[in-house]
Amino acid sequence: MESPTDTLVDTYLRALSASDVDLAVSLFTPDGVVDSPLYGELPAREFYPALFADTAESVLTLRTTLLSDDGATIAFWFDFGWILADGTPAPFTVVDVAELEHGLISRLHIVYDTHPIRDAWARQHGSGTTPPVA
């Protein structure tokens, strides 16, 4: 039998794969926030439309899920085979750390190295290459 946190992760990955804004946002509290290395901190209801507008395709492969002892935090490590809207491949491995309230995500911290994909993402947004981080 699948646990509620397994269901949450499975549903979240399904929403990302399908670029389904409504399904993704339904997993968050009404004031849920996403903290992303590329997009910054945004309400979930703003983050997912922006992400999916930049996405032609997503192929996701779950590696593992970790749950805190108190059940208030879940981390899921997965491979994100991201194809940008302009067709540029931008794959990365990511850990999402979700803070939970009553079974919903109140804050999602997305953790990955943006270096390999940042220039492609910046070009898609018309800003050329990004300056090196000091």
# chains A, B, ... in the order shown; residues from 1 in each chain; ligands from 1
$ residues_around --residues "Glu101 of chain A" --least-positions-apart "6" --cutoff "10 Å" --atoms "only C-alpha atoms" --output "PyMOL selection string"
chain A and resi 28-29+32+71-73+107
$ write_last_selection --atoms "N, CA, C and O atoms" --output "PDB file, in the first residue's frame"
ATOM      1  N   PHE A  28      -0.100  22.078  -3.042  1.00  0.00           N
ATOM      2  CA  PHE A  28       0.406  23.127  -2.164  1.00  0.00           C
ATOM      3  C   PHE A  28      -0.706  23.728  -1.311  1.00  0.00           C
ATOM      4  O   PHE A  28      -1.866  23.742  -1.708  1.00  0.00           O
ATOM      5  N   THR A  29      -0.292  24.264  -0.174  1.00  0.00           N
ATOM      6  CA  THR A  29      -1.210  25.079   0.618  1.00  0.00           C
ATOM      7  C   THR A  29      -1.554  26.321  -0.211  1.00  0.00           C
ATOM      8  O   THR A  29      -0.819  26.659  -1.156  1.00  0.00           O
ATOM      9  N   GLY A  32       1.364  28.447  -0.627  1.00  0.00           N
ATOM     10  CA  GLY A  32       2.580  27.679  -0.869  1.00  0.00           C
ATOM     11  C   GLY A  32       3.574  28.418  -1.749  1.00  0.00           C
ATOM     12  O   GLY A  32       3.201  29.141  -2.682  1.00  0.00           O
ATOM     13  N   GLY A  71       7.737  13.464   9.923  1.00  0.00           N
ATOM     14  CA  GLY A  71       6.840  13.490   8.772  1.00  0.00           C
ATOM     15  C   GLY A  71       6.545  14.872   8.238  1.00  0.00           C
ATOM     16  O   GLY A  71       5.729  15.017   7.327  1.00  0.00           O
ATOM     17  N   ALA A  72       7.213  15.904   8.753  1.00  0.00           N
ATOM     18  CA  ALA A  72       6.929  17.271   8.344  1.00  0.00           C
ATOM     19  C   ALA A  72       7.748  17.719   7.132  1.00  0.00           C
ATOM     20  O   ALA A  72       7.474  18.770   6.553  1.00  0.00           O
ATOM     21  N   THR A  73       8.730  16.914   6.749  1.00  0.00           N
ATOM     22  CA  THR A  73       9.583  17.267   5.613  1.00  0.00           C
ATOM     23  C   THR A  73       9.845  16.007   4.798  1.00  0.00           C
ATOM     24  O   THR A  73      10.125  14.947   5.345  1.00  0.00           O
ATOM     25  N   ARG A 107       6.161  24.878   1.495  1.00  0.00           N
ATOM     26  CA  ARG A 107       7.357  25.473   0.893  1.00  0.00           C
ATOM     27  C   ARG A 107       8.157  24.359   0.243  1.00  0.00           C
ATOM     28  O   ARG A 107       8.376  23.322   0.848  1.00  0.00           O
TER      29      ARG A 107
END
$ residues_around --residues "segment 47-49 of chain A" --least-positions-apart "4" --cutoff "8 Å" --atoms "only C-alpha atoms" --output "list in words"
Val21, Ala24, Val25, Val34, Tyr39, Leu42, Pro43 and Ala53 of chain A
$ write_last_selection --atoms "C-alpha atoms" --output "PDB file, in the first residue's frame"
ATOM      1  CA  VAL A  21      -0.324  23.574 -13.541  1.00  0.00           C
ATOM      2  CA  ALA A  24       1.004  20.821  -9.341  1.00  0.00           C
ATOM      3  CA  VAL A  25      -0.600  23.749  -7.512  1.00  0.00           C
ATOM      4  CA  VAL A  34       8.617  27.485  -4.406  1.00  0.00           C
ATOM      5  CA  TYR A  39      13.249  31.390 -10.962  1.00  0.00           C
ATOM      6  CA  LEU A  42       7.634  32.558  -6.140  1.00  0.00           C
ATOM      7  CA  PRO A  43       4.169  31.523  -5.046  1.00  0.00           C
ATOM      8  CA  ALA A  53       5.983  27.910 -20.381  1.00  0.00           C
TER       9      ALA A  53
END
$ residues_around --residues "segment 92-98 of chain A" --least-positions-apart "4" --cutoff "7 Å" --atoms "only C-alpha atoms" --output "PyMOL selection string"
chain A and resi 73-81+105+107-112
$ residues_around --residues "Thr5 of chain A" --least-positions-apart "4" --cutoff "9 Å" --atoms "only C-alpha atoms" --output "MDAnalysis selection string"
chainID A and resid 9:10 65 67 71 74 103
$ write_last_selection --atoms "N, CA and C atoms" --output "PDB file, in the first residue's frame"
ATOM      1  N   VAL A   9       4.541  12.481  -3.803  1.00  0.00           N
ATOM      2  CA  VAL A   9       5.691  12.520  -4.711  1.00  0.00           C
ATOM      3  C   VAL A   9       5.293  12.022  -6.096  1.00  0.00           C
ATOM      4  N   ASP A  10       4.577  10.911  -6.171  1.00  0.00           N
ATOM      5  CA  ASP A  10       4.143  10.374  -7.466  1.00  0.00           C
ATOM      6  C   ASP A  10       3.285  11.394  -8.215  1.00  0.00           C
ATOM      7  N   THR A  65      13.253   8.650  -2.118  1.00  0.00           N
ATOM      8  CA  THR A  65      12.479   9.583  -1.306  1.00  0.00           C
ATOM      9  C   THR A  65      12.923   9.433   0.144  1.00  0.00           C
ATOM     10  N   LEU A  67      12.012  10.779   4.154  1.00  0.00           N
ATOM     11  CA  LEU A  67      11.003  11.409   4.998  1.00  0.00           C
ATOM     12  C   LEU A  67      11.597  11.670   6.377  1.00  0.00           C
ATOM     13  N   GLY A  71       7.737  13.464   9.923  1.00  0.00           N
ATOM     14  CA  GLY A  71       6.840  13.490   8.772  1.00  0.00           C
ATOM     15  C   GLY A  71       6.545  14.872   8.238  1.00  0.00           C
ATOM     16  N   ILE A  74       9.753  16.167   3.484  1.00  0.00           N
ATOM     17  CA  ILE A  74      10.063  15.064   2.579  1.00  0.00           C
ATOM     18  C   ILE A  74      11.032  15.584   1.516  1.00  0.00           C
ATOM     19  N   GLY A 103      -0.438  17.546   5.068  1.00  0.00           N
ATOM     20  CA  GLY A 103      -0.330  16.737   3.863  1.00  0.00           C
ATOM     21  C   GLY A 103      -0.099  17.507   2.579  1.00  0.00           C
TER      22      GLY A 103
END
$ select_by_dssp --residues "segment 50-102 of chain A" --states "alpha helix (DSSP H)" --output "PyMOL selection string"
chain A and resi 50-53
$ closest_residue --among "A:Thr55, A:Ser106, A:Gln124, A:Ser68" --to "Pro91 of chain A" --atoms "only C-alpha atoms"
A:Thr55
$ atom_distance --atom1 "atom CA of Arg14 of chain A" --atom2 "atom CA of Pro30 of chain A"
20.2 Å
$ residues_around --residues "Gly126 of chain A" --least-positions-apart "6" --cutoff "12 Å" --atoms "only C-alpha atoms" --output "PDB file with all heavy atoms, in the first residue's frame"
ATOM      1  N   ASP A  86      12.483  25.917 -26.474  1.00  0.00           N
ATOM      2  CA  ASP A  86      13.130  26.106 -27.776  1.00  0.00           C
ATOM      3  C   ASP A  86      13.792  24.831 -28.294  1.00  0.00           C
ATOM      4  O   ASP A  86      14.456  24.842 -29.321  1.00  0.00           O
ATOM      5  CB  ASP A  86      14.142  27.250 -27.717  1.00  0.00           C
ATOM      6  CG  ASP A  86      15.368  26.950 -26.868  1.00  0.00           C
ATOM      7  OD1 ASP A  86      15.494  25.830 -26.319  1.00  0.00           O
ATOM      8  OD2 ASP A  86      16.223  27.858 -26.742  1.00  0.00           O
ATOM      9  N   ASP A 119      23.130  28.846 -19.074  1.00  0.00           N
ATOM     10  CA  ASP A 119      23.274  29.614 -20.313  1.00  0.00           C
ATOM     11  C   ASP A 119      22.137  29.315 -21.291  1.00  0.00           C
ATOM     12  O   ASP A 119      21.597  30.230 -21.917  1.00  0.00           O
ATOM     13  CB  ASP A 119      24.630  29.349 -20.965  1.00  0.00           C
ATOM     14  CG  ASP A 119      25.773  30.032 -20.228  1.00  0.00           C
ATOM     15  OD1 ASP A 119      25.519  30.931 -19.393  1.00  0.00           O
ATOM     16  OD2 ASP A 119      26.935  29.659 -20.487  1.00  0.00           O
ATOM     17  N   ALA A 120      21.766  28.032 -21.430  1.00  0.00           N
ATOM     18  CA  ALA A 120      20.670  27.676 -22.334  1.00  0.00           C
ATOM     19  C   ALA A 120      19.367  28.307 -21.862  1.00  0.00           C
ATOM     20  O   ALA A 120      18.587  28.831 -22.663  1.00  0.00           O
ATOM     21  CB  ALA A 120      20.532  26.160 -22.434  1.00  0.00           C
TER      22      ALA A 120
END
$ residues_around --residues "Asp20 of chain A" --least-positions-apart "2" --cutoff "12 Å" --atoms "only C-alpha atoms" --output "PyMOL selection string"
chain A and resi 11-18+22-27+45+48-53+55+57-58
$ atom_distance --atom1 "atom CA of Leu62 of chain A" --atom2 "atom CA of His125 of chain A"
28.2 Å
